[in-house]
Amino acid sequence: MTIRDSPITINPPAARKRINWKKFEQELSLKSPKLTTKLSNPTEIDNEVDSFTTLIKSTIEKCSYLINKPQTREPLSPDILLEIATKRNLRKDWQRTRHPAVKTMLNAQIVYVRNLLKEHRQLAWDRFTSTLNFQDQSLYKLNRRLLHKKPASTPLTTNSGQKIYDTKSKLELFADTMRDQFTANPGNELLEVSRWINELNGYSTKSSLFTTLGKCLELLKTYPPKPLDTTT
């Protein structure tokens, strides 16, 4: 077995954290040092700044907690997991033997598992909707989520297929894309396009539409049109 693509060297995004700022304020107020003596030289000032910075970092780390996404899907029952495992085994047997009877059993198992999953999703949806009510605004929140779906947030990808997570690499990718987009296309010069550009550059807008209409009205006054011939 060979690996064609190179392994990803960028670390995946870290887990999302939130900070309890009230707890942070309380912890920092209790642990913050109280200066009783005056600082006499820059070295002492730097040491106090370093210790206070370390205290702030440790307090933030202590008051941070991970955001656990709620489990929106119900776990599959053991019976469904067993049928899925059977389907996978039948697929392996079909890929190894290519026997028509195994292929028939595999197709039947695929349809059976598909129906089981469809029924499971429908029952899970019915149980979820039965818990909604107007008092805790859960029905309103569900309606809002269905009407205003957020687009999927996927990481940016370079031309080589490498995913980008850090801010600096994203900025460099945007800069390269904008530079390529606004770079002139070094193609062959077309005579028709060049002649059309020269005509546009040499076009004079002194004789506007209103001036042309005014001249037409003057010509109509000087040379009125002949009456219509109704006899022919």
# chains A, B, ... in the order shown; residues from 1 in each chain; ligands from 1
>>> residues_around(residues="range 112-127 of chain A", least_positions_apart="2", cutoff="7 Å", atoms="only C-alpha atoms", output="PyMOL selection string")
chain A and resi 74+80+83-84+108-110+129-131
>>> write_last_selection(atoms="N, CA, C and O atoms", output="compact mmCIF listing (two decimals), in the first residue's frame")
# COMPACT_ATOMS: atom_id res chain seq x y z
N GLU A 74 -29.84 10.73 17.85
CA GLU A 74 -29.93 9.62 18.77
C GLU A 74 -29.00 8.50 18.32
O GLU A 74 -28.85 8.25 17.13
N ILE A 80 -29.75 -2.31 14.77
CA ILE A 80 -29.36 -1.63 13.52
C ILE A 80 -27.86 -1.75 13.30
O ILE A 80 -27.40 -1.96 12.16
N GLU A 83 -27.14 -5.13 11.85
CA GLU A 83 -27.50 -5.22 10.43
C GLU A 83 -26.48 -4.49 9.55
O GLU A 83 -26.16 -4.94 8.44
N ILE A 84 -25.96 -3.38 10.04
CA ILE A 84 -24.93 -2.64 9.28
C ILE A 84 -23.66 -3.48 9.18
O ILE A 84 -23.01 -3.54 8.12
N ALA A 108 -30.23 -7.00 -1.11
CA ALA A 108 -31.36 -7.08 -0.20
C ALA A 108 -31.01 -6.49 1.17
O ALA A 108 -31.82 -5.80 1.80
N GLN A 109 -29.78 -6.74 1.63
CA GLN A 109 -29.37 -6.21 2.93
C GLN A 109 -29.24 -4.69 2.88
O GLN A 109 -29.56 -4.00 3.86
N ILE A 110 -28.77 -4.16 1.76
CA ILE A 110 -28.66 -2.70 1.62
C ILE A 110 -30.03 -2.05 1.71
O ILE A 110 -30.22 -1.03 2.40
N THR A 129 -39.85 16.36 18.16
CA THR A 129 -40.92 17.35 18.00
C THR A 129 -41.98 17.25 19.10
O THR A 129 -42.65 18.25 19.41
N SER A 130 -42.12 16.07 19.70
CA SER A 130 -43.10 15.94 20.78
C SER A 130 -42.65 16.65 22.05
O SER A 130 -43.48 16.93 22.93
N THR A 131 -41.36 16.94 22.17
CA THR A 131 -40.86 17.64 23.36
C THR A 131 -40.90 19.15 23.22
O THR A 131 -40.60 19.86 24.20
>>> select_by_dssp(residues="range 80-205 of chain A", states="alpha helix (DSSP H)", output="VMD selection string")
chain A and resid 80 to 97 100 to 130 138 to 147 167 to 181 191 to 201
>>> select_by_dssp(residues="range 144-176 of chain A", states="strand (DSSP E)", output="ChimeraX atom specification")
/A:156-157,163-164
>>> atom_distance(atom1="CA of Ile197 in chain A", atom2="CA of Asp180 in chain A")
23.6 Å
